[in-house]
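*Asks:* Quick one, target-v4.json (JSON, C-alpha atoms and all ligand atoms):
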[["chain", "number", "residue", "atom", "x", "y", "z"],
["A", 1, "MET", "CA", 106.22, 71.44, 100.06],
["A", 2, "THR", "CA", 103.29, 73.50, 101.32],
["A", 3, "PRO", "CA", 102.27, 75.24, 98.11],
["A", 4, "SER", "CA", 99.67, 77.44, 99.78],
["A", 5, "ARG", "CA", 102.41, 79.61, 101.26],
["A", 6, "THR", "CA", 103.47, 82.70, 99.33],
["A", 7, "ARG", "CA", 107.08, 82.00, 100.19],
["A", 8, "ILE", "CA", 107.67, 78.83, 98.21],
["A", 9, "ASN", "CA", 110.23, 79.32, 95.48],
["A", 10, "ALA", "CA", 107.88, 79.13, 92.51],
["A", 11, "ASP", "CA", 109.18, 80.25, 89.11],
["A", 12, "LEU", "CA", 106.35, 80.16, 86.59],
["A", 13, "HIS", "CA", 107.73, 82.07, 83.60],
["A", 14, "CYS", "CA", 110.71, 81.16, 81.39],
["A", 15, "HIS", "CA", 111.62, 80.33, 77.79],
["A", 16, "SER", "CA", 113.43, 77.45, 76.09],
["A", 17, "ALA", "CA", 114.94, 77.12, 72.61],
["A", 18, "VAL", "CA", 111.47, 75.97, 71.51],
["A", 19, "SER", "CA", 110.68, 79.73, 71.53],
["A", 20, "ASP", "CA", 113.26, 82.47, 72.15],
["A", 21, "GLY", "CA", 115.32, 81.05, 75.02],
["A", 22, "THR", "CA", 118.76, 79.54, 74.43],
["A", 23, "LEU", "CA", 118.52, 76.45, 76.70],
["A", 24, "GLU", "CA", 116.68, 73.23, 75.87],
["A", 25, "PRO", "CA", 113.73, 72.36, 78.17],
["A", 26, "GLU", "CA", 115.81, 69.69, 79.97],
["A", 27, "ALA", "CA", 118.62, 72.16, 80.73],
["A", 28, "LEU", "CA", 116.11, 74.71, 82.04],
["A", 29, "ALA", "CA", 114.55, 72.14, 84.36],
["A", 30, "ALA", "CA", 118.03, 71.27, 85.67],
["A", 31, "ARG", "CA", 118.87, 74.95, 86.16],
["A", 32, "ALA", "CA", 115.59, 75.55, 88.03],
["A", 33, "LYS", "CA", 116.29, 72.58, 90.30],
["A", 34, "ALA", "CA", 119.90, 73.67, 90.92],
["A", 35, "ASN", "CA", 118.70, 77.18, 91.82],
["A", 36, "GLY", "CA", 116.29, 75.84, 94.43],
["A", 37, "VAL", "CA", 113.03, 76.29, 92.50],
["A", 38, "GLU", "CA", 110.24, 74.30, 94.19],
["A", 39, "LEU", "CA", 107.52, 74.73, 91.56],
["A", 40, "TRP", "CA", 108.37, 75.37, 87.91],
["A", 41, "ALA", "CA", 106.65, 76.05, 84.56],
["A", 42, "LEU", "CA", 108.11, 76.45, 81.08],
["A", 43, "THR", "CA", 106.14, 79.18, 79.28],
["A", 44, "ASP", "CA", 107.34, 79.35, 75.68],
["A", 45, "HIS", "CA", 105.86, 82.04, 73.45],
["A", 46, "ASP", "CA", 102.80, 80.86, 71.48],
["A", 47, "GLU", "CA", 103.96, 77.24, 71.69],
["A", 48, "VAL", "CA", 103.44, 74.11, 73.78],
["A", 49, "GLY", "CA", 105.87, 71.96, 71.74],
["A", 50, "GLY", "CA", 108.35, 71.82, 74.64],
["A", 51, "GLN", "CA", 105.84, 70.88, 77.35],
["A", 52, "HIS", "CA", 106.16, 67.10, 77.31],
["A", 53, "ARG", "CA", 109.98, 67.33, 77.42],
["A", 54, "ALA", "CA", 109.88, 69.94, 80.22],
["A", 55, "ILE", "CA", 107.55, 67.88, 82.36],
["A", 56, "ALA", "CA", 109.42, 64.63, 81.82],
["A", 57, "ALA", "CA", 112.69, 66.36, 82.77],
["A", 58, "ALA", "CA", 111.15, 67.99, 85.86],
["A", 59, "LEU", "CA", 109.66, 64.69, 87.02],
["A", 60, "ASP", "CA", 113.07, 63.01, 86.63],
["A", 61, "LEU", "CA", 114.51, 65.69, 88.92],
["A", 62, "GLN", "CA", 111.67, 65.43, 91.45],
["A", 63, "LEU", "CA", 110.80, 69.05, 90.60],
["A", 64, "PRO", "CA", 107.05, 69.82, 90.93],
["A", 65, "CYS", "CA", 105.80, 71.55, 87.79],
["A", 66, "LEU", "CA", 102.86, 72.95, 85.83],
["A", 67, "THR", "CA", 102.23, 73.20, 82.10],
["A", 68, "GLY", "CA", 102.66, 76.70, 80.70],
["A", 69, "ALA", "CA", 102.69, 79.03, 77.67],
["A", 70, "GLU", "CA", 102.90, 82.78, 77.04],
["A", 71, "ILE", "CA", 100.41, 83.92, 74.40],
["A", 72, "SER", "CA", 100.95, 87.08, 72.32],
["A", 73, "VAL", "CA", 97.81, 89.25, 72.27],
["A", 74, "THR", "CA", 96.95, 92.59, 70.68],
["A", 75, "PHE", "CA", 95.03, 94.84, 73.09],
["A", 76, "ALA", "CA", 94.34, 98.54, 72.46],
["A", 77, "GLY", "CA", 96.92, 98.50, 69.67],
["A", 78, "THR", "CA", 99.65, 97.18, 71.99],
["A", 79, "THR", "CA", 101.20, 93.72, 72.32],
["A", 80, "VAL", "CA", 100.26, 92.20, 75.67],
["A", 81, "HIS", "CA", 101.38, 88.79, 76.92],
["A", 82, "ILE", "CA", 99.03, 86.36, 78.65],
["A", 83, "VAL", "CA", 100.58, 83.41, 80.45],
["A", 84, "GLY", "CA", 98.55, 80.22, 80.79],
["A", 85, "LEU", "CA", 99.31, 77.74, 83.58],
["A", 86, "GLY", "CA", 98.08, 74.25, 84.45],
["A", 87, "PHE", "CA", 96.22, 73.50, 81.20],
["A", 88, "ASP", "CA", 96.01, 70.30, 79.18],
["A", 89, "ALA", "CA", 98.87, 70.78, 76.70],
["A", 90, "ASP", "CA", 97.14, 68.48, 74.19],
["A", 91, "ASP", "CA", 93.84, 70.40, 74.19],
["A", 92, "PRO", "CA", 92.95, 70.67, 70.45],
["A", 93, "ALA", "CA", 91.51, 74.22, 70.55],
["A", 94, "LEU", "CA", 94.49, 75.53, 72.50],
["A", 95, "VAL", "CA", 96.97, 73.79, 70.18],
["A", 96, "ALA", "CA", 95.14, 75.17, 67.10],
["A", 97, "GLY", "CA", 94.92, 78.67, 68.58],
["A", 98, "LEU", "CA", 98.63, 78.73, 69.31],
["A", 99, "ALA", "CA", 99.43, 77.45, 65.80],
["A", 100, "ALA", "CA", 97.33, 80.29, 64.34],
["A", 101, "THR", "CA", 99.09, 82.82, 66.60],
["A", 102, "ARG", "CA", 102.50, 81.56, 65.41],
["A", 103, "GLY", "CA", 101.28, 81.66, 61.81],
["A", 104, "GLY", "CA", 102.10, 85.27, 61.02],
["A", 105, "ARG", "CA", 105.64, 85.18, 62.40],
["A", 106, "ARG", "CA", 107.48, 84.12, 59.24],
["A", 107, "GLN", "CA", 105.97, 86.93, 57.16],
["A", 108, "ARG", "CA", 106.61, 89.44, 59.95],
["A", 109, "ALA", "CA", 110.24, 88.27, 60.09],
["A", 110, "MET", "CA", 110.62, 88.79, 56.34],
["A", 111, "ASP", "CA", 109.07, 92.26, 56.63],
["A", 112, "MET", "CA", 111.43, 93.07, 59.51],
["A", 113, "SER", "CA", 114.35, 91.90, 57.39],
["A", 114, "HIS", "CA", 113.31, 94.22, 54.53],
["A", 115, "ALA", "CA", 112.93, 97.12, 56.94],
["A", 116, "LEU", "CA", 116.37, 96.46, 58.43],
["A", 117, "ALA", "CA", 117.88, 96.19, 54.92],
["A", 118, "GLU", "CA", 116.59, 99.68, 54.20],
["A", 119, "ALA", "CA", 118.37, 100.81, 57.36],
["A", 120, "GLY", "CA", 121.61, 99.30, 56.00],
["A", 121, "ILE", "CA", 121.55, 95.88, 57.71],
["A", 122, "ALA", "CA", 121.58, 93.07, 55.15],
["A", 123, "GLY", "CA", 120.72, 89.38, 55.57],
["A", 124, "ALA", "CA", 118.76, 89.75, 58.81],
["A", 125, "TYR", "CA", 116.13, 87.10, 58.01],
["A", 126, "GLU", "CA", 118.71, 84.39, 57.37],
["A", 127, "GLY", "CA", 120.78, 85.65, 60.29],
["A", 128, "ALA", "CA", 117.85, 85.52, 62.72],
["A", 129, "ALA", "CA", 116.57, 82.18, 61.41],
["A", 130, "LYS", "CA", 119.93, 80.63, 62.22],
["A", 131, "TYR", "CA", 119.28, 81.35, 65.90],
["A", 132, "ALA", "CA", 115.71, 80.05, 65.93],
["A", 133, "GLY", "CA", 115.44, 76.53, 67.38],
["A", 134, "ASN", "CA", 111.84, 76.35, 66.11],
["A", 135, "PRO", "CA", 111.31, 77.44, 62.49],
["A", 136, "GLU", "CA", 107.71, 78.45, 63.31],
["A", 137, "LEU", "CA", 108.90, 80.78, 66.00],
["A", 138, "ILE", "CA", 111.24, 83.45, 64.70],
["A", 139, "SER", "CA", 111.06, 86.24, 67.24],
["A", 140, "ARG", "CA", 112.55, 89.69, 67.67],
["A", 141, "THR", "CA", 114.95, 88.09, 70.16],
["A", 142, "HIS", "CA", 116.52, 86.06, 67.31],
["A", 143, "PHE", "CA", 117.00, 89.25, 65.29],
["A", 144, "ALA", "CA", 118.58, 90.84, 68.37],
["A", 145, "ARG", "CA", 121.08, 87.95, 68.64],
["A", 146, "PHE", "CA", 121.97, 88.31, 64.95],
["A", 147, "LEU", "CA", 122.49, 92.08, 65.33],
["A", 148, "VAL", "CA", 124.83, 91.54, 68.29],
["A", 149, "GLU", "CA", 126.76, 88.89, 66.32],
["A", 150, "SER", "CA", 127.11, 91.14, 63.28],
["A", 151, "GLY", "CA", 128.52, 94.00, 65.35],
["A", 152, "GLY", "CA", 127.25, 97.50, 66.01],
["A", 153, "CYS", "CA", 125.39, 96.61, 69.21],
["A", 154, "THR", "CA", 126.95, 95.28, 72.40],
["A", 155, "ASP", "CA", 123.93, 93.42, 73.74],
["A", 156, "THR", "CA", 120.35, 92.50, 72.90],
["A", 157, "TYR", "CA", 118.94, 95.28, 75.10],
["A", 158, "GLU", "CA", 120.75, 97.85, 72.94],
["A", 159, "VAL", "CA", 119.43, 96.20, 69.76],
["A", 160, "PHE", "CA", 115.85, 96.49, 71.00],
["A", 161, "ARG", "CA", 116.33, 100.12, 71.98],
["A", 162, "ARG", "CA", 117.89, 101.11, 68.66],
["A", 163, "PHE", "CA", 116.12, 98.86, 66.16],
["A", 164, "LEU", "CA", 113.27, 96.66, 67.34],
["A", 165, "VAL", "CA", 110.76, 98.73, 69.31],
["A", 166, "GLU", "CA", 107.97, 100.93, 67.96],
["A", 167, "GLY", "CA", 109.34, 103.93, 66.08],
["A", 168, "LYS", "CA", 112.66, 102.22, 65.29],
["A", 169, "PRO", "CA", 113.72, 101.01, 61.80],
["A", 170, "GLY", "CA", 113.27, 97.24, 62.32],
["A", 171, "TYR", "CA", 109.88, 97.41, 64.04],
["A", 172, "VAL", "CA", 106.96, 95.92, 62.10],
["A", 173, "PRO", "CA", 103.49, 96.15, 63.67],
["A", 174, "HIS", "CA", 101.72, 92.84, 64.02],
["A", 175, "ARG", "CA", 98.24, 91.64, 64.91],
["A", 176, "TRP", "CA", 98.32, 88.80, 67.46],
["A", 177, "ALA", "CA", 95.47, 86.87, 69.14],
["A", 178, "SER", "CA", 92.60, 88.74, 70.82],
["A", 179, "LEU", "CA", 92.52, 88.95, 74.62],
["A", 180, "ARG", "CA", 89.24, 87.08, 74.62],
["A", 181, "ASP", "CA", 90.58, 84.21, 72.49],
["A", 182, "ALA", "CA", 93.79, 83.77, 74.49],
["A", 183, "VAL", "CA", 91.98, 83.69, 77.85],
["A", 184, "THR", "CA", 89.32, 81.37, 76.47],
["A", 185, "TRP", "CA", 91.82, 78.86, 75.00],
["A", 186, "ILE", "CA", 93.59, 78.66, 78.37],
["A", 187, "ARG", "CA", 90.40, 78.34, 80.42],
["A", 188, "ARG", "CA", 88.75, 75.76, 78.19],
["A", 189, "ALA", "CA", 91.94, 73.69, 78.38],
["A", 190, "GLY", "CA", 91.55, 73.69, 82.17],
["A", 191, "GLY", "CA", 94.20, 76.31, 82.94],
["A", 192, "ILE", "CA", 94.44, 79.71, 84.62],
["A", 193, "ALA", "CA", 95.18, 82.87, 82.60],
["A", 194, "VAL", "CA", 97.71, 85.35, 84.00],
["A", 195, "ILE", "CA", 98.49, 88.91, 82.83],
["A", 196, "ALA", "CA", 102.27, 88.77, 82.23],
["A", 197, "HIS", "CA", 104.54, 91.63, 83.42],
["A", 198, "PRO", "CA", 101.87, 94.40, 83.35],
["A", 199, "GLY", "CA", 104.52, 97.00, 84.21],
["A", 200, "ARG", "CA", 106.02, 96.64, 80.72],
["A", 201, "TYR", "CA", 103.16, 97.92, 78.60],
["A", 202, "LYS", "CA", 103.45, 101.71, 78.90],
["A", 203, "PHE", "CA", 99.65, 101.98, 79.12],
["A", 204, "THR", "CA", 97.93, 105.03, 80.52],
["A", 205, "ALA", "CA", 96.11, 104.41, 83.80],
["A", 206, "ASN", "CA", 92.81, 104.21, 81.87],
["A", 207, "GLU", "CA", 94.15, 101.70, 79.35],
["A", 208, "GLU", "CA", 95.62, 99.55, 82.11],
["A", 209, "TYR", "CA", 92.32, 99.63, 83.98],
["A", 210, "ALA", "CA", 90.56, 98.54, 80.77],
["A", 211, "LEU", "CA", 93.05, 95.66, 80.32],
["A", 212, "PHE", "CA", 92.44, 94.36, 83.84],
["A", 213, "THR", "CA", 88.67, 94.84, 83.58],
["A", 214, "GLU", "CA", 88.32, 93.09, 80.21],
["A", 215, "PHE", "CA", 90.74, 90.33, 81.25],
["A", 216, "LYS", "CA", 88.53, 89.58, 84.25],
["A", 217, "ALA", "CA", 85.37, 89.76, 82.17],
["A", 218, "HIS", "CA", 86.79, 87.08, 79.84],
["A", 219, "GLY", "CA", 87.58, 84.83, 82.81],
["A", 220, "GLY", "CA", 91.20, 85.77, 83.53],
["A", 221, "GLU", "CA", 92.15, 85.04, 87.11],
["A", 222, "ALA", "CA", 95.74, 86.06, 87.88],
["A", 223, "VAL", "CA", 98.48, 88.65, 87.38],
["A", 224, "GLU", "CA", 102.27, 88.52, 87.57],
["A", 225, "VAL", "CA", 103.35, 90.65, 90.50],
["A", 226, "VAL", "CA", 106.94, 89.55, 91.08],
["A", 227, "THR", "CA", 108.71, 89.22, 87.72],
["A", 228, "GLY", "CA", 112.16, 90.01, 86.37],
["A", 229, "SER", "CA", 110.51, 92.80, 84.34],
["A", 230, "HIS", "CA", 109.24, 94.73, 87.39],
["A", 231, "THR", "CA", 110.95, 97.20, 89.69],
["A", 232, "ALA", "CA", 110.47, 96.98, 93.46],
["A", 233, "ALA", "CA", 107.93, 99.81, 93.20],
["A", 234, "GLU", "CA", 106.02, 97.78, 90.59],
["A", 235, "PHE", "CA", 105.92, 94.76, 92.94],
["A", 236, "VAL", "CA", 103.94, 97.00, 95.28],
["A", 237, "LYS", "CA", 101.80, 98.61, 92.57],
["A", 238, "TYR", "CA", 100.73, 95.27, 91.06],
["A", 239, "ALA", "CA", 100.21, 93.69, 94.47],
["A", 240, "ASP", "CA", 97.69, 96.48, 95.05],
["A", 241, "MET", "CA", 96.12, 95.84, 91.62],
["A", 242, "ALA", "CA", 95.89, 92.09, 92.34],
["A", 243, "LEU", "CA", 93.90, 92.87, 95.49],
["A", 244, "GLU", "CA", 91.77, 95.55, 93.80],
["A", 245, "PHE", "CA", 90.81, 93.19, 90.98],
["A", 246, "ASP", "CA", 90.66, 90.08, 93.17],
["A", 247, "LEU", "CA", 93.30, 88.25, 91.14],
["A", 248, "PHE", "CA", 95.69, 85.48, 92.17],
["A", 249, "ALA", "CA", 99.36, 86.51, 92.07],
["A", 250, "SER", "CA", 102.16, 84.88, 90.09],
["A", 251, "ARG", "CA", 105.96, 84.97, 90.23],
["A", 252, "GLY", "CA", 108.50, 84.23, 87.49],
["A", 253, "ALA", "CA", 111.91, 85.37, 86.27],
["A", 254, "ASP", "CA", 111.06, 85.42, 82.52],
["A", 255, "PHE", "CA", 114.47, 83.80, 82.11],
["A", 256, "HIS", "CA", 115.68, 83.43, 78.50],
["A", 257, "SER", "CA", 119.43, 82.82, 78.56],
["A", 258, "PRO", "CA", 122.41, 82.64, 80.94],
["A", 259, "GLU", "CA", 124.22, 85.19, 78.74],
["A", 260, "GLU", "CA", 121.34, 87.66, 78.30],
["A", 261, "SER", "CA", 118.91, 87.50, 81.20],
["A", 262, "ARG", "CA", 119.33, 89.79, 84.16],
["A", 263, "THR", "CA", 117.21, 87.62, 86.45],
["A", 264, "ASP", "CA", 117.97, 83.93, 86.89],
["A", 265, "LEU", "CA", 115.41, 81.22, 87.66],
["A", 266, "GLY", "CA", 114.37, 81.10, 91.30],
["A", 267, "THR", "CA", 116.16, 84.27, 92.41],
["A", 268, "LEU", "CA", 113.29, 86.77, 92.73],
["A", 269, "PRO", "CA", 111.90, 88.02, 96.05],
["A", 270, "ASP", "CA", 108.88, 86.17, 97.47],
["A", 271, "LEU", "CA", 105.35, 87.27, 96.67],
["A", 272, "PRO", "CA", 104.00, 89.72, 99.27],
["A", 273, "THR", "CA", 102.25, 87.66, 101.97],
["A", 274, "ARG", "CA", 99.02, 89.67, 101.61],
["A", 275, "LEU", "CA", 98.43, 88.03, 98.18],
["A", 276, "THR", "CA", 96.95, 84.66, 97.26],
["A", 277, "PRO", "CA", 99.45, 82.81, 95.04],
["A", 278, "VAL", "CA", 98.29, 81.40, 91.72],
["A", 279, "TRP", "CA", 99.57, 77.95, 92.74],
["A", 280, "GLU", "CA", 96.80, 77.72, 95.34],
["A", 281, "PRO", "CA", 93.93, 77.20, 92.85],
["A", 282, "LEU", "CA", 96.32, 75.08, 90.73],
["A", 283, "GLN", "CA", 97.04, 72.51, 93.48],
["A", 284, "ASP", "CA", 95.42, 69.62, 91.67],
["A", 285, "ARG", "CA", 97.22, 70.40, 88.42],
["A", 286, "ILE", "CA", 100.73, 70.37, 89.91],
["A", 287, "GLN", "CA", 102.57, 67.32, 88.65],
["A", 288, "LEU", "CA", 104.45, 65.57, 91.46],
["A", 289, "ALA", "CA", 102.56, 67.47, 94.19],
["A", 290, "SER", "CA", 103.46, 66.09, 97.59],
["B", 301, "LIG", "P1", 108.27, 88.91, 69.64],
["B", 301, "LIG", "O1", 107.28, 88.01, 70.31],
["B", 301, "LIG", "O2", 108.91, 88.28, 68.43],
["B", 301, "LIG", "O3", 107.71, 90.28, 69.33],
["B", 301, "LIG", "O4", 109.47, 89.12, 70.64],
["B", 301, "LIG", "C1", 109.22, 89.52, 71.95],
["B", 301, "LIG", "C2", 110.39, 89.12, 72.82],
["B", 301, "LIG", "O5", 111.45, 90.03, 72.66],
["B", 301, "LIG", "C3", 110.05, 89.20, 74.29],
["B", 301, "LIG", "O6", 109.47, 88.02, 74.73],
["B", 301, "LIG", "C4", 111.39, 89.39, 74.92],
["B", 301, "LIG", "O7", 112.07, 88.15, 75.01],
["B", 301, "LIG", "C5", 112.11, 90.23, 73.90],
["B", 301, "LIG", "N1", 112.04, 91.67, 74.20],
["B", 301, "LIG", "C6", 110.99, 92.49, 73.99],
["B", 301, "LIG", "N2", 111.30, 93.75, 74.32],
["B", 301, "LIG", "C7", 112.58, 93.74, 74.73],
["B", 301, "LIG", "C8", 113.49, 94.74, 75.18],
["B", 301, "LIG", "N3", 113.12, 96.02, 75.25],
["B", 301, "LIG", "N4", 114.74, 94.35, 75.52],
["B", 301, "LIG", "C9", 115.12, 93.06, 75.42],
["B", 301, "LIG", "N5", 114.30, 92.07, 74.99],
["B", 301, "LIG", "C10", 113.06, 92.40, 74.66],
["B", 302, "MN", "MN", 110.81, 86.30, 74.93],
["B", 303, "MN", "MN", 106.51, 88.53, 77.79],
["B", 304, "MN", "MN", 108.29, 85.75, 78.67]]
Would it be possible to restate this file's structure as structure tokens?
Ligand code: AMP
Ligand code: MN
Ligand code: MN
Ligand code: MN
*Replies:*
Amino acid sequence: MTPSRTRINADLHCHSAVSDGTLEPEALAARAKANGVELWALTDHDEVGGQHRAIAAALDLQLPCLTGAEISVTFAGTTVHIVGLGFDADDPALVAGLAATRGGRRQRAMDMSHALAEAGIAGAYEGAAKYAGNPELISRTHFARFLVESGGCTDTYEVFRRFLVEGKPGYVPHRWASLRDAVTWIRRAGGIAVIAHPGRYKFTANEEYALFTEFKAHGGEAVEVVTGSHTAAEFVKYADMALEFDLFASRGADFHSPEESRTDLGTLPDLPTRLTPVWEPLQDRIQLAS
């Protein structure tokens, strides 16, 4: 492997059953390997509990890998996701920060369940909890799976559209970590912070500029350019933003489940060659680097 090239098949964003994916870390590592991934990271939401299993499985498969997590942040009243890569997964401040970030999820899930009950959908908390592999991490995705199971919606995308996004009956606002805290936890644990799927946030141009500016000011260093959440036009837009803000570029499918995800591990286009990939400054943190 020559990890400095933009064209290596790196996939640095996916979820296991330790957060809101459906596969165990070992099965994800095997799927990444089978799909030709050459550098992999598991990035569960607000949780590093799957990291040791993911890395052990990847090493068994001779699959180079990095530690990872995707931290939920509230910025300008909107939920933004910050991926961390190549950190020490046992760093006490990072582990404590993630535990605090997970902390509000149970109450939010109960509030969502009450809101859904008022909209005529009973038993949503118990229904969602049944799908959660990690009791500390009940997410909207688990509610979406329950709502598909109980009929009325054909897939999880429809559930989100009709029930789980702002303005819909099951949406409950939530305050996550601050941008500063998330970036600082990642950096102090020796990792690199990455703005996840910026094309998803529906920010105005001014708000997006503020996100990138403040992210950099806190020590953030990278942005996802090629992700399953972006259109081809957004690959170009965020490649331009990476250059404008002097950020490293990342690539990842954001894979959650063989049944639900539109983009599989390792199947995205390469990063544009004009960018510097985030795996370049992470060379010495790649496990099993050749
Ligand atoms: P939570 O962290 O509990 O608010 O859940 C967020 C997760 O829900 C994301 O990581 C995605 O997996 C999923 N998600 C968010 N928005 C959508 C959407 N519009 N369609 C499908 N899944 C979504
Ligand atoms: Mn998710
Ligand atoms: Mn995300
Ligand atoms: Mn994700």
*Asks:* Which residues of chain A come within 6 Å of ligand LIG 301 (chain B), and what is each one's closest atom pair and distance in Å (one decimal), counting only C-alpha atoms and all ligand atoms, sorted by chain and residue number, as JSON lines?
*Replies:*
{"residue": "A:Ser139", "atom": "CA", "partner": "B:LIG301", "partner_atom": "O2", "distance": 3.2}
{"residue": "A:Arg140", "atom": "CA", "partner": "B:LIG301", "partner_atom": "O2", "distance": 4.0}
{"residue": "A:Thr141", "atom": "CA", "partner": "B:LIG301", "partner_atom": "O5", "distance": 4.7}
{"residue": "A:Thr156", "atom": "CA", "partner": "B:LIG301", "partner_atom": "C9", "distance": 5.8}
{"residue": "A:Tyr157", "atom": "CA", "partner": "B:LIG301", "partner_atom": "N4", "distance": 4.3}
{"residue": "A:Phe160", "atom": "CA", "partner": "B:LIG301", "partner_atom": "N3", "distance": 5.1}
*Asks:* Once you have the residues from the selection above, write them out as an mmCIF file, in the frame of the given file, restricted to C-alpha atoms.
*Replies:*
data_model
loop_
_atom_site.group_PDB
_atom_site.id
_atom_site.type_symbol
_atom_site.label_atom_id
_atom_site.label_comp_id
_atom_site.auth_asym_id
_atom_site.auth_seq_id
_atom_site.Cartn_x
_atom_site.Cartn_y
_atom_site.Cartn_z
ATOM 1 C CA SER A 139 111.060 86.240 67.240
ATOM 2 C CA ARG A 140 112.550 89.690 67.670
ATOM 3 C CA THR A 141 114.950 88.090 70.160
ATOM 4 C CA THR A 156 120.350 92.500 72.900
ATOM 5 C CA TYR A 157 118.940 95.280 75.100
ATOM 6 C CA PHE A 160 115.850 96.490 71.000
#
*Asks:* Let me make sure I understand: among A:Trp279, A:Trp176, A:Phe255, A:Phe203, which one has the smallest atom-to-atom distance to ligand MN 304 (chain B) if we use all atoms listed in the file?
*Replies:*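 The answer is A:Phe255, which sits nearest to ligand MN 304 (chain B).
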*Asks:* When the cut-off is 8 Å and you count only C-alpha atoms and all ligand atoms, which residues lie near ligand MN 304 (chain B), shown as a list in words?
*Replies:*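 So, counting only C-alpha atoms and all ligand atoms, the residues near ligand MN 304 (chain B) are His13, Cys14, His15, Thr43, Asp44, His45, Glu70, His81, Ala196, Asp254, Phe255 and His256 of chain A.
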*Asks:* Find the residues around Gly219 in chain A up to 8 Å (only C-alpha atoms counted), leave out those fewer than 5 positions away in its own chain, and share them as an MDAnalysis selection string.
*Replies:* chainID A and resid 183:184 187 193
*Asks:* Please save C-alpha atoms of the selected residues as a PDB file, in the frame of the given file.
*Replies:*
ATOM      1  CA  VAL A 183      91.980  83.690  77.850  1.00  0.00           C
ATOM      2  CA  THR A 184      89.320  81.370  76.470  1.00  0.00           C
ATOM      3  CA  ARG A 187      90.400  78.340  80.420  1.00  0.00           C
ATOM      4  CA  ALA A 193      95.180  82.870  82.600  1.00  0.00           C
TER       5      ALA A 193
END
*Asks:* Which neighbours of Leu275 in chain A fall inside 9 Å, counting only C-alpha atoms, when residues of the same chain fewer than 2 positions from it are skipped, and could you give them as a list in words?
*Replies:*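 Answer for this query is Thr6, Ala239, Ala242, Leu243, Leu247, Phe248, Ala249, Leu271, Pro272, Thr273 and Pro277 of chain A.
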*Asks:* Those selected residues, please, written with C-alpha atoms and delivered as a short mmCIF file (atom, residue, chain, number, x, y, z; two decimals), in the coordinates of the input.
*Replies:*
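Dumped to result-v5.cif:
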data_model
loop_
_atom_site.label_atom_id
_atom_site.label_comp_id
_atom_site.auth_asym_id
_atom_site.auth_seq_id
_atom_site.Cartn_x
_atom_site.Cartn_y
_atom_site.Cartn_z
CA THR A 6 103.47 82.70 99.33
CA ALA A 239 100.21 93.69 94.47
CA ALA A 242 95.89 92.09 92.34
CA LEU A 243 93.90 92.87 95.49
CA LEU A 247 93.30 88.25 91.14
CA PHE A 248 95.69 85.48 92.17
CA ALA A 249 99.36 86.51 92.07
CA LEU A 271 105.35 87.27 96.67
CA PRO A 272 104.00 89.72 99.27
CA THR A 273 102.25 87.66 101.97
CA PRO A 277 99.45 82.81 95.04
#
*Asks:* Need to verify the contact set: Thr67 in chain A, 8 Å, all atoms listed in the file, exclusion of same-chain residues closer than 5 positions in sequence. Can you return it as number ranges by chain?
*Replies:* A: 41-43, 51, 55, 85-89
*Asks:* Let me make sure I understand: among A:Ala10, A:Ala253, A:Ala29, A:Val37, which one has the smallest atom-to-atom distance to ligand MN 302 (chain B) if we use all atoms listed in the file?
*Replies:*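 The closest residue to ligand MN 302 (chain B) is A:Ala253.
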*Asks:* Have a look at CA of Ala96 in chain A and CA of Arg175 in chain A and let me know their distance in Å, one decimal.
*Replies:*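 CA of Arg175 in chain A lies 16.9 Å from CA of Ala96 in chain A.
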*Asks:* Quick one: residues within 12 Å of Ile8 in chain A, only C-alpha atoms, excluding same-chain residues fewer than 2 positions away - as an MDAnalysis selection string?
*Replies:* chainID A and resid 1:6 10:12 36:40 64 250:251 266:273 277:280
*Asks:* Name the residues within 10 Å of (116.4, 97.5, 56.7), counting all atoms listed in the file in the file's coordinates, and put them as a ChimeraX atom specification.
*Replies:* /A:111-124,163,169-171
*Asks:* May I have the protein, DNA and RNA residues with any atom at most 12 Å from the point (86.2, 90.7, 84.6), counting all atoms listed in the file, written as a VMD selection string?
*Replies:* chain A and resid 179 to 180 183 209 to 222 244 to 247
*Asks:* The selected residues should be written to file as an mmCIF file, in the frame of the given file (atoms: C-alpha atoms).
*Replies:*
data_model
loop_
_atom_site.group_PDB
_atom_site.id
_atom_site.type_symbol
_atom_site.label_atom_id
_atom_site.label_comp_id
_atom_site.auth_asym_id
_atom_site.auth_seq_id
_atom_site.Cartn_x
_atom_site.Cartn_y
_atom_site.Cartn_z
ATOM 1 C CA LEU A 179 92.520 88.950 74.620
ATOM 2 C CA ARG A 180 89.240 87.080 74.620
ATOM 3 C CA VAL A 183 91.980 83.690 77.850
ATOM 4 C CA TYR A 209 92.320 99.630 83.980
ATOM 5 C CA ALA A 210 90.560 98.540 80.770
ATOM 6 C CA LEU A 211 93.050 95.660 80.320
ATOM 7 C CA PHE A 212 92.440 94.360 83.840
ATOM 8 C CA THR A 213 88.670 94.840 83.580
ATOM 9 C CA GLU A 214 88.320 93.090 80.210
ATOM 10 C CA PHE A 215 90.740 90.330 81.250
ATOM 11 C CA LYS A 216 88.530 89.580 84.250
ATOM 12 C CA ALA A 217 85.370 89.760 82.170
ATOM 13 C CA HIS A 218 86.790 87.080 79.840
ATOM 14 C CA GLY A 219 87.580 84.830 82.810
ATOM 15 C CA GLY A 220 91.200 85.770 83.530
ATOM 16 C CA GLU A 221 92.150 85.040 87.110
ATOM 17 C CA ALA A 222 95.740 86.060 87.880
ATOM 18 C CA GLU A 244 91.770 95.550 93.800
ATOM 19 C CA PHE A 245 90.810 93.190 90.980
ATOM 20 C CA ASP A 246 90.660 90.080 93.170
ATOM 21 C CA LEU A 247 93.300 88.250 91.140
#
*Asks:* Between A:Ala17, A:Ala144, A:Ala34, A:Ala100, single out the one closest to Ala132 in chain A, counting only C-alpha atoms.
*Replies:*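 Of the candidates, the smallest distance to Ala132 in chain A is held by A:Ala17.
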